[in-house]
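One file, my_file.pdb, is given below (PDB, C-alpha atoms, pLDDT in the B column).
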```pdb
MODEL        1
ATOM      1  CA  MET A   1     -21.437   3.016 -59.059  1.00 56.00           C
ATOM      2  CA  LYS A   2     -21.457  -0.136 -56.926  1.00 51.00           C
ATOM      3  CA  LYS A   3     -17.686   0.006 -56.752  1.00 54.00           C
ATOM      4  CA  THR A   4     -17.870   3.599 -55.528  1.00 57.00           C
ATOM      5  CA  PHE A   5     -20.326   2.644 -52.766  1.00 48.00           C
ATOM      6  CA  ARG A   6     -18.062  -0.223 -51.714  1.00 59.00           C
ATOM      7  CA  ILE A   7     -15.103   2.122 -51.478  1.00 58.00           C
ATOM      8  CA  ILE A   8     -17.127   4.651 -49.477  1.00 58.00           C
ATOM      9  CA  GLY A   9     -18.339   1.858 -47.199  1.00 52.00           C
ATOM     10  CA  LEU A  10     -14.815   0.579 -46.665  1.00 53.00           C
ATOM     11  CA  ILE A  11     -13.550   4.081 -45.864  1.00 60.00           C
ATOM     12  CA  THR A  12     -16.399   4.532 -43.386  1.00 57.00           C
ATOM     13  CA  VAL A  13     -15.592   1.248 -41.639  1.00 50.00           C
ATOM     14  CA  ILE A  14     -11.900   2.160 -41.423  1.00 60.00           C
ATOM     15  CA  ALA A  15     -12.776   5.603 -40.049  1.00 51.00           C
ATOM     16  CA  VAL A  16     -14.997   4.033 -37.377  1.00 44.00           C
ATOM     17  CA  ILE A  17     -12.241   1.596 -36.367  1.00 56.00           C
ATOM     18  CA  ILE A  18      -9.665   4.384 -36.139  1.00 56.00           C
ATOM     19  CA  ALA A  19     -12.043   6.529 -34.085  1.00 49.00           C
ATOM     20  CA  ALA A  20     -12.648   3.618 -31.701  1.00 46.00           C
ATOM     21  CA  ILE A  21      -8.901   3.045 -31.282  1.00 52.00           C
ATOM     22  CA  VAL A  22      -8.261   6.734 -30.578  1.00 46.00           C
ATOM     23  CA  ALA A  23     -11.129   6.839 -28.093  1.00 46.00           C
ATOM     24  CA  SER A  24      -9.823   3.772 -26.253  1.00 49.00           C
ATOM     25  CA  MET A  25      -6.360   5.323 -26.021  1.00 54.00           C
ATOM     26  CA  ASN A  26      -7.826   8.381 -24.327  1.00 53.00           C
ATOM     27  CA  ILE A  27      -9.692   6.378 -21.686  1.00 52.00           C
ATOM     28  CA  LYS A  28      -7.624   6.254 -18.496  1.00 62.00           C
ATOM     29  CA  PRO A  29      -8.014   3.215 -16.235  1.00 62.00           C
ATOM     30  CA  SER A  30      -9.984   3.950 -13.083  1.00 74.00           C
ATOM     31  CA  ASN A  31      -8.473   3.748  -9.615  1.00 77.00           C
ATOM     32  CA  ALA A  32     -10.404   0.527  -9.056  1.00 68.00           C
ATOM     33  CA  ASP A  33      -8.494  -1.037 -11.950  1.00 83.00           C
ATOM     34  CA  LYS A  34      -5.145  -0.067 -10.396  1.00 90.00           C
ATOM     35  CA  VAL A  35      -5.737  -1.041  -6.766  1.00 96.00           C
ATOM     36  CA  TRP A  36      -4.048  -4.247  -5.640  1.00 97.00           C
ATOM     37  CA  ASP A  37      -6.565  -4.991  -2.893  1.00 97.00           C
ATOM     38  CA  THR A  38      -9.527  -2.826  -1.912  1.00 96.00           C
ATOM     39  CA  GLN A  39      -9.234  -4.004   1.717  1.00 97.00           C
ATOM     40  CA  MET A  40      -5.941  -2.144   1.940  1.00 98.00           C
ATOM     41  CA  THR A  41      -7.454   1.172   0.852  1.00 98.00           C
ATOM     42  CA  ILE A  42      -9.182   4.073   2.572  1.00 97.00           C
ATOM     43  CA  GLY A  43     -11.457   6.427   0.665  1.00 95.00           C
ATOM     44  CA  ASN A  44     -13.550   6.495  -2.465  1.00 93.00           C
ATOM     45  CA  LEU A  45     -12.302   4.217  -5.244  1.00 94.00           C
ATOM     46  CA  GLU A  46     -13.228   6.901  -7.756  1.00 93.00           C
ATOM     47  CA  ALA A  47     -11.484   9.709  -5.884  1.00 96.00           C
ATOM     48  CA  LYS A  48      -9.759  12.414  -7.884  1.00 96.00           C
ATOM     49  CA  ASN A  49      -6.420  11.798  -6.164  1.00 97.00           C
ATOM     50  CA  TYR A  50      -4.748   8.406  -5.764  1.00 98.00           C
ATOM     51  CA  PHE A  51      -1.976   8.032  -3.179  1.00 98.00           C
ATOM     52  CA  ILE A  52       0.020   4.803  -2.779  1.00 98.00           C
ATOM     53  CA  VAL A  53       2.532   3.798  -0.104  1.00 98.00           C
ATOM     54  CA  TYR A  54       4.762   0.750  -0.540  1.00 98.00           C
ATOM     55  CA  SER A  55       5.667  -0.496   2.907  1.00 98.00           C
ATOM     56  CA  ASP A  56       7.017  -3.197   5.192  1.00 98.00           C
ATOM     57  CA  LEU A  57       5.941  -3.412   8.832  1.00 97.00           C
ATOM     58  CA  VAL A  58       9.492  -3.835  10.152  1.00 96.00           C
ATOM     59  CA  CYS A  59      10.968  -0.936   8.169  1.00 96.00           C
ATOM     60  CA  PRO A  60      11.710   1.833  10.739  1.00 96.00           C
ATOM     61  CA  TYR A  61      11.139   4.663   8.266  1.00 96.00           C
ATOM     62  CA  CYS A  62       7.852   3.127   7.128  1.00 97.00           C
ATOM     63  CA  ILE A  63       6.723   2.814  10.732  1.00 97.00           C
ATOM     64  CA  ALA A  64       7.687   6.424  11.493  1.00 97.00           C
ATOM     65  CA  PHE A  65       5.542   7.654   8.610  1.00 98.00           C
ATOM     66  CA  GLU A  66       2.617   5.362   9.357  1.00 98.00           C
ATOM     67  CA  ASN A  67       2.668   5.889  13.120  1.00 98.00           C
ATOM     68  CA  ALA A  68       2.361   9.630  12.552  1.00 98.00           C
ATOM     69  CA  ILE A  69      -0.827   8.856  10.628  1.00 98.00           C
ATOM     70  CA  VAL A  70      -2.142   6.390  13.242  1.00 97.00           C
ATOM     71  CA  GLU A  71      -1.666   9.008  15.967  1.00 97.00           C
ATOM     72  CA  HIS A  72      -3.879  11.383  13.944  1.00 98.00           C
ATOM     73  CA  GLU A  73      -6.276   8.780  12.581  1.00 96.00           C
ATOM     74  CA  GLU A  74      -9.505  10.797  12.690  1.00 96.00           C
ATOM     75  CA  GLU A  75      -7.800  13.925  11.367  1.00 97.00           C
ATOM     76  CA  PHE A  76      -6.181  11.878   8.622  1.00 97.00           C
ATOM     77  CA  GLN A  77      -9.436  10.302   7.507  1.00 96.00           C
ATOM     78  CA  GLN A  78     -11.043  13.742   7.356  1.00 97.00           C
ATOM     79  CA  TYR A  79      -8.080  15.009   5.329  1.00 98.00           C
ATOM     80  CA  LEU A  80      -8.575  12.226   2.782  1.00 97.00           C
ATOM     81  CA  GLU A  81     -12.265  13.047   2.495  1.00 97.00           C
ATOM     82  CA  ASP A  82     -11.738  16.801   2.246  1.00 97.00           C
ATOM     83  CA  ASN A  83      -9.140  16.395  -0.500  1.00 97.00           C
ATOM     84  CA  ASN A  84     -10.864  13.578  -2.377  1.00 97.00           C
ATOM     85  CA  ILE A  85      -7.994  11.094  -1.919  1.00 98.00           C
ATOM     86  CA  LEU A  86      -7.952   7.322  -2.311  1.00 98.00           C
ATOM     87  CA  PHE A  87      -5.164   6.028  -0.043  1.00 98.00           C
ATOM     88  CA  GLU A  88      -3.660   2.575  -0.550  1.00 98.00           C
ATOM     89  CA  ILE A  89      -1.050   0.658   1.439  1.00 98.00           C
ATOM     90  CA  ARG A  90       0.846  -1.897  -0.640  1.00 98.00           C
ATOM     91  CA  LEU A  91       2.291  -3.992   2.150  1.00 98.00           C
ATOM     92  CA  SER A  92       4.555  -7.004   1.703  1.00 98.00           C
ATOM     93  CA  ASP A  93       7.637  -8.756   3.107  1.00 98.00           C
ATOM     94  CA  PHE A  94       9.786  -6.714   0.762  1.00 98.00           C
ATOM     95  CA  LEU A  95      12.721  -6.449   3.181  1.00 97.00           C
ATOM     96  CA  TYR A  96      12.842 -10.217   3.587  1.00 97.00           C
ATOM     97  CA  GLU A  97      12.586 -10.912  -0.128  1.00 97.00           C
ATOM     98  CA  TYR A  98      14.820  -8.118  -1.407  1.00 96.00           C
ATOM     99  CA  GLY A  99      16.555  -6.458   1.552  1.00 93.00           C
ATOM    100  CA  GLU A 100      20.237  -6.652   2.391  1.00 89.00           C
ATOM    101  CA  THR A 101      19.801  -8.621   5.628  1.00 92.00           C
ATOM    102  CA  ASN A 102      16.607 -10.527   4.753  1.00 93.00           C
ATOM    103  CA  PRO A 103      14.950 -10.221   8.205  1.00 95.00           C
ATOM    104  CA  ILE A 104      12.555 -13.139   8.683  1.00 96.00           C
ATOM    105  CA  HIS A 105      10.333 -10.996  10.941  1.00 96.00           C
ATOM    106  CA  SER A 106       9.472  -9.008   7.837  1.00 97.00           C
ATOM    107  CA  ARG A 107       7.742 -12.108   6.499  1.00 97.00           C
ATOM    108  CA  TYR A 108       6.054 -12.813   9.820  1.00 98.00           C
ATOM    109  CA  SER A 109       4.679  -9.268   9.992  1.00 98.00           C
ATOM    110  CA  ALA A 110       3.210  -9.561   6.502  1.00 98.00           C
ATOM    111  CA  LEU A 111       1.647 -12.912   7.371  1.00 98.00           C
ATOM    112  CA  GLY A 112      -0.108 -11.271  10.306  1.00 98.00           C
ATOM    113  CA  ALA A 113      -1.456  -8.413   8.193  1.00 98.00           C
ATOM    114  CA  TYR A 114      -2.619 -10.614   5.326  1.00 98.00           C
ATOM    115  CA  CYS A 115      -4.229 -13.191   7.593  1.00 98.00           C
ATOM    116  CA  ALA A 116      -6.081 -10.335   9.314  1.00 98.00           C
ATOM    117  CA  LYS A 117      -7.150  -9.120   5.873  1.00 98.00           C
ATOM    118  CA  ASN A 118      -8.666 -12.548   5.236  1.00 96.00           C
ATOM    119  CA  GLU A 119     -10.991 -11.859   8.155  1.00 96.00           C
ATOM    120  CA  GLY A 120     -11.855  -8.379   6.899  1.00 97.00           C
ATOM    121  CA  LYS A 121      -9.855  -6.603   9.617  1.00 98.00           C
ATOM    122  CA  PHE A 122      -6.756  -5.426   7.827  1.00 98.00           C
ATOM    123  CA  TRP A 123      -6.890  -1.837   9.073  1.00 98.00           C
ATOM    124  CA  ASP A 124      -7.672  -2.830  12.675  1.00 98.00           C
ATOM    125  CA  TYR A 125      -4.643  -5.100  12.649  1.00 98.00           C
ATOM    126  CA  TYR A 126      -2.409  -2.783  10.677  1.00 98.00           C
ATOM    127  CA  ASN A 127      -2.985   0.264  12.894  1.00 98.00           C
ATOM    128  CA  LEU A 128      -2.306  -1.695  16.068  1.00 98.00           C
ATOM    129  CA  ALA A 129       0.752  -3.354  14.534  1.00 98.00           C
ATOM    130  CA  VAL A 130       2.173   0.032  13.533  1.00 98.00           C
ATOM    131  CA  SER A 131       1.700   1.570  16.981  1.00 98.00           C
ATOM    132  CA  SER A 132       2.996  -1.594  18.696  1.00 97.00           C
ATOM    133  CA  VAL A 133       6.187  -1.761  16.635  1.00 97.00           C
ATOM    134  CA  TRP A 134       6.776   1.963  17.070  1.00 97.00           C
ATOM    135  CA  ASN A 135       6.294   1.934  20.848  1.00 96.00           C
ATOM    136  CA  ASP A 136       8.007  -1.404  21.472  1.00 95.00           C
ATOM    137  CA  PHE A 137      11.074  -0.711  19.367  1.00 94.00           C
ATOM    138  CA  PHE A 138      11.658   2.488  17.421  1.00 93.00           C
ATOM    139  CA  LYS A 139      10.241   5.196  19.671  1.00 92.00           C
ATOM    140  CA  ALA A 140      13.013   4.947  22.249  1.00 89.00           C
ATOM    141  CA  SER A 141      15.823   3.266  20.347  1.00 87.00           C
ATOM    142  CA  GLY A 142      15.448   4.642  16.831  1.00 85.00           C
ATOM    143  CA  LYS A 143      17.033   2.757  13.965  1.00 81.00           C
ATOM    144  CA  SER A 144      19.237   0.748  16.344  1.00 83.00           C
ATOM    145  CA  ALA A 145      16.127  -1.193  17.345  1.00 83.00           C
ATOM    146  CA  VAL A 146      16.300  -3.058  14.039  1.00 83.00           C
ATOM    147  CA  SER A 147      18.769  -5.512  15.577  1.00 83.00           C
ATOM    148  CA  LYS A 148      16.484  -6.061  18.575  1.00 85.00           C
ATOM    149  CA  MET A 149      13.654  -7.044  16.243  1.00 88.00           C
ATOM    150  CA  SER A 150      15.581 -10.077  15.022  1.00 86.00           C
ATOM    151  CA  SER A 151      14.234 -12.021  17.985  1.00 88.00           C
ATOM    152  CA  ILE A 152      10.595 -11.407  17.027  1.00 93.00           C
ATOM    153  CA  GLY A 153       8.807 -14.611  16.101  1.00 96.00           C
ATOM    154  CA  LYS A 154       5.319 -15.295  14.828  1.00 97.00           C
ATOM    155  CA  ASP A 155       3.897 -15.072  18.354  1.00 97.00           C
ATOM    156  CA  TYR A 156       4.429 -11.298  18.430  1.00 97.00           C
ATOM    157  CA  TRP A 157       2.232 -10.806  15.380  1.00 98.00           C
ATOM    158  CA  ILE A 158      -0.288 -13.420  16.513  1.00 98.00           C
ATOM    159  CA  ASN A 159      -0.668 -11.568  19.818  1.00 98.00           C
ATOM    160  CA  ILE A 160      -1.559  -8.376  17.955  1.00 98.00           C
ATOM    161  CA  GLY A 161      -4.293 -10.326  16.189  1.00 98.00           C
ATOM    162  CA  LYS A 162      -5.627 -11.537  19.535  1.00 97.00           C
ATOM    163  CA  GLN A 163      -5.769  -7.950  20.782  1.00 97.00           C
ATOM    164  CA  VAL A 164      -7.777  -7.017  17.700  1.00 97.00           C
ATOM    165  CA  GLY A 165     -10.181  -9.885  18.386  1.00 97.00           C
ATOM    166  CA  LEU A 166      -9.395 -12.117  15.424  1.00 97.00           C
ATOM    167  CA  SER A 167     -10.575 -15.715  15.396  1.00 94.00           C
ATOM    168  CA  GLU A 168      -8.570 -18.896  15.985  1.00 94.00           C
ATOM    169  CA  ASN A 169      -8.368 -19.220  12.202  1.00 97.00           C
ATOM    170  CA  PHE A 170      -6.081 -16.192  12.210  1.00 98.00           C
ATOM    171  CA  GLU A 171      -3.470 -17.934  14.346  1.00 97.00           C
ATOM    172  CA  THR A 172      -3.659 -21.036  12.160  1.00 98.00           C
ATOM    173  CA  CYS A 173      -3.301 -18.877   9.053  1.00 98.00           C
ATOM    174  CA  VAL A 174      -0.128 -17.248  10.377  1.00 98.00           C
ATOM    175  CA  LYS A 175       1.456 -20.470  11.605  1.00 98.00           C
ATOM    176  CA  ASN A 176       0.690 -22.321   8.363  1.00 98.00           C
ATOM    177  CA  GLU A 177       1.694 -19.302   6.243  1.00 98.00           C
ATOM    178  CA  ASP A 178      -1.517 -19.611   4.240  1.00 98.00           C
ATOM    179  CA  THR A 179      -1.128 -16.201   2.585  1.00 98.00           C
ATOM    180  CA  LEU A 180       2.543 -16.559   1.654  1.00 98.00           C
ATOM    181  CA  ASN A 181       2.036 -16.826  -2.113  1.00 98.00           C
ATOM    182  CA  GLU A 182       0.065 -13.567  -2.203  1.00 98.00           C
ATOM    183  CA  ILE A 183       2.671 -11.815  -0.061  1.00 98.00           C
ATOM    184  CA  LYS A 184       5.581 -12.977  -2.219  1.00 98.00           C
ATOM    185  CA  ALA A 185       3.760 -11.980  -5.405  1.00 98.00           C
ATOM    186  CA  ASN A 186       3.189  -8.466  -4.052  1.00 98.00           C
ATOM    187  CA  ALA A 187       6.810  -8.211  -2.900  1.00 98.00           C
ATOM    188  CA  GLU A 188       7.919  -9.086  -6.417  1.00 98.00           C
ATOM    189  CA  LYS A 189       5.644  -6.436  -7.923  1.00 97.00           C
ATOM    190  CA  THR A 190       6.940  -3.943  -5.365  1.00 97.00           C
ATOM    191  CA  SER A 191      10.538  -4.674  -6.386  1.00 97.00           C
ATOM    192  CA  LYS A 192       9.698  -3.541  -9.909  1.00 97.00           C
ATOM    193  CA  LEU A 193       7.886  -0.364  -8.902  1.00 96.00           C
ATOM    194  CA  ALA A 194       9.406   0.968  -5.681  1.00 96.00           C
ATOM    195  CA  ARG A 195      12.794   2.501  -5.023  1.00 93.00           C
ATOM    196  CA  GLY A 196      13.441   2.341  -1.315  1.00 92.00           C
ATOM    197  CA  MET A 197      11.186   1.857   1.711  1.00 96.00           C
ATOM    198  CA  PRO A 198       8.794   3.454   2.235  1.00 97.00           C
ATOM    199  CA  TYR A 199       8.123   4.471  -1.335  1.00 98.00           C
ATOM    200  CA  PHE A 200       5.426   7.004  -2.154  1.00 98.00           C
ATOM    201  CA  LYS A 201       3.480   7.528  -5.348  1.00 98.00           C
ATOM    202  CA  PHE A 202       1.060  10.347  -4.702  1.00 98.00           C
ATOM    203  CA  ASN A 203      -0.552  11.192  -8.044  1.00 97.00           C
ATOM    204  CA  ASP A 204       2.473  12.183 -10.174  1.00 96.00           C
ATOM    205  CA  TYR A 205       4.739  12.828  -7.183  1.00 97.00           C
ATOM    206  CA  THR A 206       7.150  10.061  -6.153  1.00 97.00           C
ATOM    207  CA  SER A 207       9.583   9.927  -3.251  1.00 97.00           C
ATOM    208  CA  SER A 208      11.080   7.528  -0.734  1.00 96.00           C
ATOM    209  CA  GLY A 209      12.180   7.602   2.879  1.00 95.00           C
ATOM    210  CA  PHE A 210      10.961   9.305   6.043  1.00 97.00           C
ATOM    211  CA  ASP A 211      13.009  10.445   9.043  1.00 96.00           C
ATOM    212  CA  LEU A 212      12.262   8.865  12.420  1.00 95.00           C
ATOM    213  CA  SER A 213      12.140  12.332  14.020  1.00 95.00           C
ATOM    214  CA  TRP A 214       9.487  13.680  11.671  1.00 97.00           C
ATOM    215  CA  ASP A 215       5.875  14.098  12.733  1.00 97.00           C
ATOM    216  CA  TYR A 216       2.440  14.393  11.135  1.00 98.00           C
ATOM    217  CA  GLN A 217       3.223  17.799   9.632  1.00 97.00           C
ATOM    218  CA  TYR A 218       5.807  16.139   7.413  1.00 97.00           C
ATOM    219  CA  VAL A 219       3.186  13.609   6.322  1.00 98.00           C
ATOM    220  CA  LEU A 220       0.997  16.508   5.245  1.00 98.00           C
ATOM    221  CA  MET A 221       3.923  18.053   3.361  1.00 97.00           C
ATOM    222  CA  TYR A 222       4.305  14.842   1.360  1.00 97.00           C
ATOM    223  CA  PHE A 223       0.583  14.750   0.724  1.00 98.00           C
ATOM    224  CA  GLN A 224       0.516  18.354  -0.403  1.00 97.00           C
ATOM    225  CA  ALA A 225       3.285  17.601  -2.889  1.00 97.00           C
ATOM    226  CA  GLY A 226       1.051  14.858  -4.249  1.00 98.00           C
ATOM    227  CA  LEU A 227      -1.931  17.187  -4.560  1.00 97.00           C
ATOM    228  CA  ASP A 228       0.229  19.832  -6.264  1.00 97.00           C
ATOM    229  CA  SER A 229       1.538  17.287  -8.779  1.00 96.00           C
ATOM    230  CA  LYS A 230      -1.885  16.544 -10.245  1.00 84.00           C
ATOM    231  CA  LYS A 231      -1.789  17.367 -13.938  1.00 69.00           C
TER     232      LYS A 231
ENDMDL
END
```
Would you mind writing the file's structure down as C-alpha cells?
Amino acid sequence: MKKTFRIIGLITVIAVIIAAIVASMNIKPSNADKVWDTQMTIGNLEAKNYFIVYSDLVCPYCIAFENAIVEHEEEFQQYLEDNNILFEIRLSDFLYEYGETNPIHSRYSALGAYCAKNEGKFWDYYNLAVSSVWNDFFKASGKSAVSKMSSIGKDYWINIGKQVGLSENFETCVKNEDTLNEIKANAEKTSKLARGMPYFKFNDYTSSGFDLSWDYQYVLMYFQAGLDSKK
C-alpha cells in the first residue's frame, strides 16, 4: 500500500512539473522585457502592438521616414494611442560599424543622441536632429548629400544639443564619447537582427528601406501592414 502511495505521489509531482513547464512555454515575454531602452520608446509598454525601427541618424532613407513622422508629430502620437502601439527607435552608429563606407559622422550622431538620452531628453534631441539633417542635407540634394555630410564633426551634433537646452555635461559627454560602449553594443545587436537601414519590425511585419520622395501617407501604409500582421 505504501509503495502504491509513493508511486501515486511521484506521478503527481511529475504531472505538476510538466504542467508548470507547459505553462511557462505559453507565457509570452511582455513588451517591457523586449525593449532595449524605455527612453527611446513612445506609448504604453503593455500596448497590444509593438513597432520597432532600427535606424542611423545619417542614413538618408531613415531620415526620410522619420522626418515624415516629425512633421506630423501630434498626429503621429494620436495614431499610436488610437491603435494601442508601443513605438521604439533602436538607434546606433550602425553605418559606421557595419556600413560600406564607415562614415564617422554616423558615430558622432549616435553620441549626440545617447548623451541627450543620459539627460532624459532623447526625443527632444532626436526630433530636432532628424529635422536638421533633413533640411540641411537631404531635402534639397537627396541621396547625393551623403558625400556632403562627410565634413560633419561633433560640433554639428553638439549644437543641436545646445538648441534643445542640454547642459554642459552633454558637450563633455559627446567629446569624451562617454556612451560609446552602449552605442557599439546596440550596433552589434542591430547587425544580427536588421537587414538594411531603416529596418522595420512592426508586430509580425518586417521590411526595410524608404524612398526619399515618400511622405507621411507611406508611413501609415507601413504601420497598417504592421497592424494587419498581428496574429
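Shortest separation to Ser213 (chain A) among A:Lys162, A:Lys139, A:Cys59, A:Lys148 occurs at residue A:Lys139, atoms counted being only C-alpha atoms.
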- How many Å separate CA of Met197 (chain A) from CA of Phe94 (chain A)? 8.7 Å
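CA of Ala47 (chain A) is positioned 27.2 Å from CA of Ala129 (chain A).
For the pair CA of Ile63 (chain A) and CA of Lys48 (chain A), the interatomic distance is 26.7 Å.
Using all atoms listed in the file, the shortest contact distance between Glu119 (chain A) and any of A:Cys173, A:Val53, A:Leu227, A:Ile183 is found at A:Cys173.
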Excluding Ala185 (chain A) and its own-chain neighbours fewer than 5 positions away, which residues fall within 9 Å of it when counting all atoms listed in the file? Please give them as a CSV table (one decimal) with C-alpha atoms, in the coordinates of the input.
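File selection.csv, as written:
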```csv
chain,number,residue,atom,x,y,z
A,92,SER,CA,4.6,-7.0,1.7
A,180,LEU,CA,2.5,-16.6,1.7
A,190,THR,CA,6.9,-3.9,-5.4
```
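Excluding Val130 (chain A) itself and any same-chain residue fewer than 3 positions from it, the protein and nucleic acid residues within 9 Å of it, counting all atoms listed in the file, are Leu57, Val58, Ile63, Ala64, Glu66, Asn67, Val70, Tyr125, Tyr126, Asn127, Val133, Trp134 and Asn135 of chain A.
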- Message: What would the selection look like, as a PyMOL selection string, if the PyMOL selection byres ((chain A and resi 73) around 12) were run on the coordinates I just shared?
- Response: chain A and resi 42+66-72+74-80+123-124+127-128+131+216
Would you list the residues near (-2.5, -13.4, 10.2) (no more than 6 Å away, in the coordinates of the file, using all atoms listed in the file) as a PDB file with C-alpha atoms, in the coordinates of the input?
```pdb
ATOM      1  CA  LEU A 111       1.647 -12.912   7.371  1.00 98.00           C
ATOM      2  CA  GLY A 112      -0.108 -11.271  10.306  1.00 98.00           C
ATOM      3  CA  ALA A 113      -1.456  -8.413   8.193  1.00 98.00           C
ATOM      4  CA  TYR A 114      -2.619 -10.614   5.326  1.00 98.00           C
ATOM      5  CA  CYS A 115      -4.229 -13.191   7.593  1.00 98.00           C
ATOM      6  CA  ALA A 116      -6.081 -10.335   9.314  1.00 98.00           C
ATOM      7  CA  PHE A 170      -6.081 -16.192  12.210  1.00 98.00           C
ATOM      8  CA  CYS A 173      -3.301 -18.877   9.053  1.00 98.00           C
ATOM      9  CA  VAL A 174      -0.128 -17.248  10.377  1.00 98.00           C
TER      10      VAL A 174
END
```
Here's the selection I'm unsure about, the PyMOL selection byres ((chain A and resi 50) around 6); applied to the file above, which residues does it give, as an mmCIF file with C-alpha atoms, in the coordinates of the input?
```cif
data_model
loop_
_atom_site.group_PDB
_atom_site.id
_atom_site.type_symbol
_atom_site.label_atom_id
_atom_site.label_comp_id
_atom_site.auth_asym_id
_atom_site.auth_seq_id
_atom_site.Cartn_x
_atom_site.Cartn_y
_atom_site.Cartn_z
ATOM 1 C CA ASN A 49 -6.420 11.798 -6.164
ATOM 2 C CA PHE A 51 -1.976 8.032 -3.179
ATOM 3 C CA ILE A 85 -7.994 11.094 -1.919
ATOM 4 C CA LEU A 86 -7.952 7.322 -2.311
ATOM 5 C CA ASN A 203 -0.552 11.192 -8.044
#
```
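Checking A:His105, A:Leu193, A:Trp214, A:Gly226 one by one against Phe87 (chain A), counting all atoms listed in the file, you find the shortest gap at A:Gly226.
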- Quick one: residues within 7 Å of Phe65 (chain A), all atoms listed in the file counted, chain neighbours fewer than 4 positions away excluded, as an MDAnalysis selection string? chainID A and resid 61 69 210 219
- Message: Can you translate the PyMOL selection byres ((chain A and resi 209) around 8) into the concrete residues it hits in this file, as a PyMOL selection string?
- Response: chain A and resi 61-62+196-199+207-208+210-211
- Message: I'd like the neighbourhood of region 101-104 of chain A as a list in words, where a residue qualifies if any of its atoms comes within 9 Å (using only C-alpha atoms), though same-chain residues fewer than 3 positions away should be ignored.
- Response: Val58, Asp93, Phe94, Leu95, Tyr96, Glu97, Tyr98, Arg107, Tyr108, Ser109, Met149, Ser150, Ile152 and Gly153 of chain A
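In terms of minimum interatomic distance to Trp157 (chain A), A:Ala110 ranks closest within A:Leu212, A:Ala194, A:Ala110, A:Val35, counting all atoms listed in the file.
Using all atoms listed in the file, the nearest neighbour of Asp136 (chain A) within the list A:Asn84, A:Gly161, A:Thr179, A:Tyr156 is A:Tyr156.
The shortest atom-to-atom distance to Phe137 (chain A), with only C-alpha atoms taken into account, belongs to A:Pro60 out of A:Gly99, A:Gly120, A:Pro60, A:Gly165.
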